[in-house]
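Okay, so here's the structure we're looking at.
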Amino acid sequence: MYQLVRKFLFQMDAEEVHEKTVHLLKMVEKSPAAKSLLKMMYQVRDQRLENQIWGLKFPNPVGLAAGFDKNAEVYHALAALGFGFVEVGTITPQGQPGNPQPRLFRLMEHQAIINRMGFNNLGAYLASQNLIDYAYADVPIGINLGKNKITPNEEAAQDYSKCLDMLYPYGHYFVINVSSPNTPNLRDLQETESLRALIRAIREKAAELQGRGVAAKPILLKVAPDMADEQMRDVVQAAVEEGLSGIIATNTTLSREAVQDHPRADEAGGLSGRPLEERATAWVKEIYQEVGDRVPIIGVGGIFTGEDAYRKIRAGASLVQVYSGMIYQGPAIVKTINKQLLRLLERDGFSHVKEAIGADAR
């Protein structure tokens with residue numbers, strides 16, 4: 001059914017479709033009956049998929065990546081679609097419009113998306129109001145943090161700390177996003193010494209908040225797929241040594257090698273979707289071999305099927321996230337992936353998903 005609907009939707013502007021989808025999910029948010037119906041249709045409950053990470057219970061390993069629910073408006077409805085966790089944002093201290101439109105493009109032949117959104121969001125205060133009842137969500141809620149475009153990198157730590165200050169009581173985990181290609185010079189913060197200074201400032205703010213009585217929350221780092229191997233090792237080791245709780249691998253890529261024949265290939269922005277799957281999985285494996293079991297990894301990039309998710313899990317991911325796959329596959333993607341995961345686990349003799357984590361990297 002979704003494939004028929006998709007033909008109509010894909011004739012419309014991509015960002016317009018996104019806005020209409022969020023509006024529809026807002027209506028679901030207000031209806032307990034609608035949320036119950038979605039749960040009946042899309043959720044897969046099986047103990048073999050459940051896991052405890054950072055003291056949080058994940059009902060299944062398939063989450064929604066940041067970028068969809070930018071202002072934390074529809075995370076309850078998204079949880080009803082069967083996601084094991086939902087990451088909202090990216091959220092900046094002050095609201096900002098993002099980059100000029102058009103800024104979101106489908107590359108249908110490649111099942112890919114190019115975006116140069118630029119952290120468009122309403123700001124941390126309004127997001128905090130939407131997140132007041134986050135604890136009543138059926139799944140863990142993550143918050144992806146960024147800096148405002150006008151903030152120079154020398155003052156980036158202040159932006160991330162402001163966000164954390166306003167949002168720390170309202171999420172289960174937090175993500176430092178220094179890997180988006182759509183905010184000028186943001187990726188420069190991945191340089192090792194800059195990154196260490198940024199992490200220390202954020203952890204100091206977290207310690208201050210904990211001193212006021214807020215429970216400690218895991219803080220993760222989201223990395224780019226376009227780093228050289230040596231830089232990747234430096235970045236990952238810096239994150240672990242500075243006390244972060246996990247790594248998200250990876251963000252979108254600037255590479256156009258896999259889509260160079262497409263007329264939209266020269267559009268500025270980050271590429272996501274099918275073309276990123278192989279490289280993102282390789283990153284997960286390399287990072288797992290670097291850090292082992294010291295911190296969990298969330299694998300993201302090009303996940304469309306249970307096989308895609310399973311490859312990342314076997315490469316070392318404790319959890320995975322989808323985004324572009326949902327655009328192309330529709331709302332049933334999580335149900336499909338989880339059912340396929342159960343069959344793959346059974347095929348390979350695993351009694352639980354955690355037994356498969358890193359099986360190809362050890």
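Numbering starts fresh at 1 for the residues of each chain in the structure tokens, the chains themselves are lettered A, B, ... in the order given, and ligands are numbered from 1 as they appear.
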
Kindly provide the residues of range 115-150 of chain A that approach range 213-224 of chain A to within 10 Å, each paired with its closest atom pair and their distance in Å to one decimal, based on only C-alpha atoms, listed by chain and increasing number, as a Markdown table.
| residue | atom | partner | partner_atom | distance |
| --- | --- | --- | --- | --- |
| A:Gly142 | CA | A:Ile219 | CA | 9.5 |
| A:Ile143 | CA | A:Ile219 | CA | 9.5 |
| A:Asn144 | CA | A:Lys222 | CA | 9.0 |
| A:Leu145 | CA | A:Leu221 | CA | 10.0 |

Write to file, as a PDB file, in the first residue's frame, the residues of the selection just made, with N, CA and C atoms.
ATOM      1  N   GLY A 142      16.245  10.042  22.912  1.00  0.00           N
ATOM      2  CA  GLY A 142      17.536  10.714  22.844  1.00  0.00           C
ATOM      3  C   GLY A 142      17.374  12.128  22.324  1.00  0.00           C
ATOM      4  N   ILE A 143      18.316  13.001  22.683  1.00  0.00           N
ATOM      5  CA  ILE A 143      18.285  14.395  22.241  1.00  0.00           C
ATOM      6  C   ILE A 143      19.615  14.723  21.572  1.00  0.00           C
ATOM      7  N   ASN A 144      19.539  15.116  20.310  1.00  0.00           N
ATOM      8  CA  ASN A 144      20.720  15.436  19.520  1.00  0.00           C
ATOM      9  C   ASN A 144      20.979  16.939  19.610  1.00  0.00           C
ATOM     10  N   LEU A 145      22.190  17.310  20.038  1.00  0.00           N
ATOM     11  CA  LEU A 145      22.528  18.702  20.313  1.00  0.00           C
ATOM     12  C   LEU A 145      23.471  19.268  19.253  1.00  0.00           C
TER      13      LEU A 145
END

Within 12 Å of range 325-332 of chain A, which residues of range 192-302 of chain A come that close, and what is the closest atom pair and distance in Å for each? Count only C-alpha atoms and give it as JSON lines.
{"residue": "A:Ser272", "atom": "CA", "partner": "A:Gly325", "partner_atom": "CA", "distance": 9.4}
{"residue": "A:Gly273", "atom": "CA", "partner": "A:Gly325", "partner_atom": "CA", "distance": 6.6}
{"residue": "A:Arg274", "atom": "CA", "partner": "A:Gly325", "partner_atom": "CA", "distance": 8.0}
{"residue": "A:Pro275", "atom": "CA", "partner": "A:Gly325", "partner_atom": "CA", "distance": 11.5}
{"residue": "A:Leu276", "atom": "CA", "partner": "A:Gly325", "partner_atom": "CA", "distance": 11.4}
{"residue": "A:Glu277", "atom": "CA", "partner": "A:Gly325", "partner_atom": "CA", "distance": 10.7}
{"residue": "A:Val300", "atom": "CA", "partner": "A:Gly325", "partner_atom": "CA", "distance": 10.6}
{"residue": "A:Gly301", "atom": "CA", "partner": "A:Gly325", "partner_atom": "CA", "distance": 9.0}
{"residue": "A:Gly302", "atom": "CA", "partner": "A:Gly325", "partner_atom": "CA", "distance": 6.8}

All helix (DSSP H, G or I) positions in range 136-169 of chain A, as a tab-separated table (two decimals) with C-alpha atoms, in the first residue's frame:
chain	number	residue	atom	x	y	z
A	136	TYR	CA	5.99	8.59	29.72
A	153	ASN	CA	33.71	27.35	16.79
A	154	GLU	CA	35.69	29.07	19.56
A	155	GLU	CA	32.39	29.52	21.43
A	156	ALA	CA	30.80	26.20	20.44
A	157	ALA	CA	31.19	24.73	23.92
A	158	GLN	CA	28.91	27.48	25.26
A	159	ASP	CA	26.16	26.52	22.81
A	160	TYR	CA	26.31	22.81	23.62
A	161	SER	CA	26.41	23.57	27.35
A	162	LYS	CA	23.39	25.90	27.05
A	163	CYS	CA	21.44	23.18	25.26
A	164	LEU	CA	22.39	20.62	27.86
A	165	ASP	CA	21.43	23.01	30.66
A	166	MET	CA	17.92	23.49	29.24
A	167	LEU	CA	17.31	19.91	28.09
A	168	TYR	CA	19.18	17.66	30.54
A	169	PRO	CA	16.11	16.89	32.69

Check: Skipping near chain neighbours, those fewer than 3 positions away, what residues fall within 10 Å of Glu307 in chain A using only C-alpha atoms, listed as a PyMOL selection string?
Finding: chain A and resi 303-304+310-313+337+340-341+344

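Atom pair CA of Glu29 in chain A / CA of Phe119 in chain A has a distance of 23.7 Å (rounded to one decimal).
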
Give one line per residue of range 144-209 of chain A that approaches range 233-253 of chain A to at most 10 Å, naming the two atoms of the closest pair and their distance in Å to one decimal, counting only C-alpha atoms; sort by chain then ascending residue number and deliver it as a Markdown table.
| residue | atom | partner | partner_atom | distance |
| --- | --- | --- | --- | --- |
| A:Tyr173 | CA | A:Ser245 | CA | 9.3 |
| A:Phe174 | CA | A:Ser245 | CA | 9.6 |
| A:Val175 | CA | A:Ile248 | CA | 8.3 |
| A:Ile176 | CA | A:Ile248 | CA | 9.6 |
| A:Asn177 | CA | A:Asn251 | CA | 8.9 |
| A:Val178 | CA | A:Asn251 | CA | 9.5 |
| A:Ser179 | CA | A:Asn251 | CA | 6.3 |
| A:Ser180 | CA | A:Asn251 | CA | 6.5 |
| A:Pro181 | CA | A:Thr252 | CA | 7.5 |
| A:Asn182 | CA | A:Thr252 | CA | 9.8 |
| A:Gln190 | CA | A:Val235 | CA | 6.7 |
| A:Glu191 | CA | A:Val235 | CA | 7.4 |
| A:Thr192 | CA | A:Val235 | CA | 5.9 |
| A:Glu193 | CA | A:Ala238 | CA | 8.6 |
| A:Leu195 | CA | A:Ala238 | CA | 7.5 |
| A:Arg196 | CA | A:Ala238 | CA | 6.2 |
| A:Ala197 | CA | A:Glu242 | CA | 9.3 |
| A:Leu198 | CA | A:Glu242 | CA | 10.0 |
| A:Ile199 | CA | A:Glu242 | CA | 6.8 |
| A:Arg200 | CA | A:Glu242 | CA | 6.9 |
| A:Arg203 | CA | A:Gly243 | CA | 8.2 |

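Interatomic distance, CA of Trp283 in chain A against CA of Asn71 in chain A: 28.8 Å.
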
Checklist line | Using only C-alpha atoms: which of A:Ile141, A:Leu254, A:Ala65, A:Val86 has the shortest distance to Ala268 in chain A | finding: A:Leu254
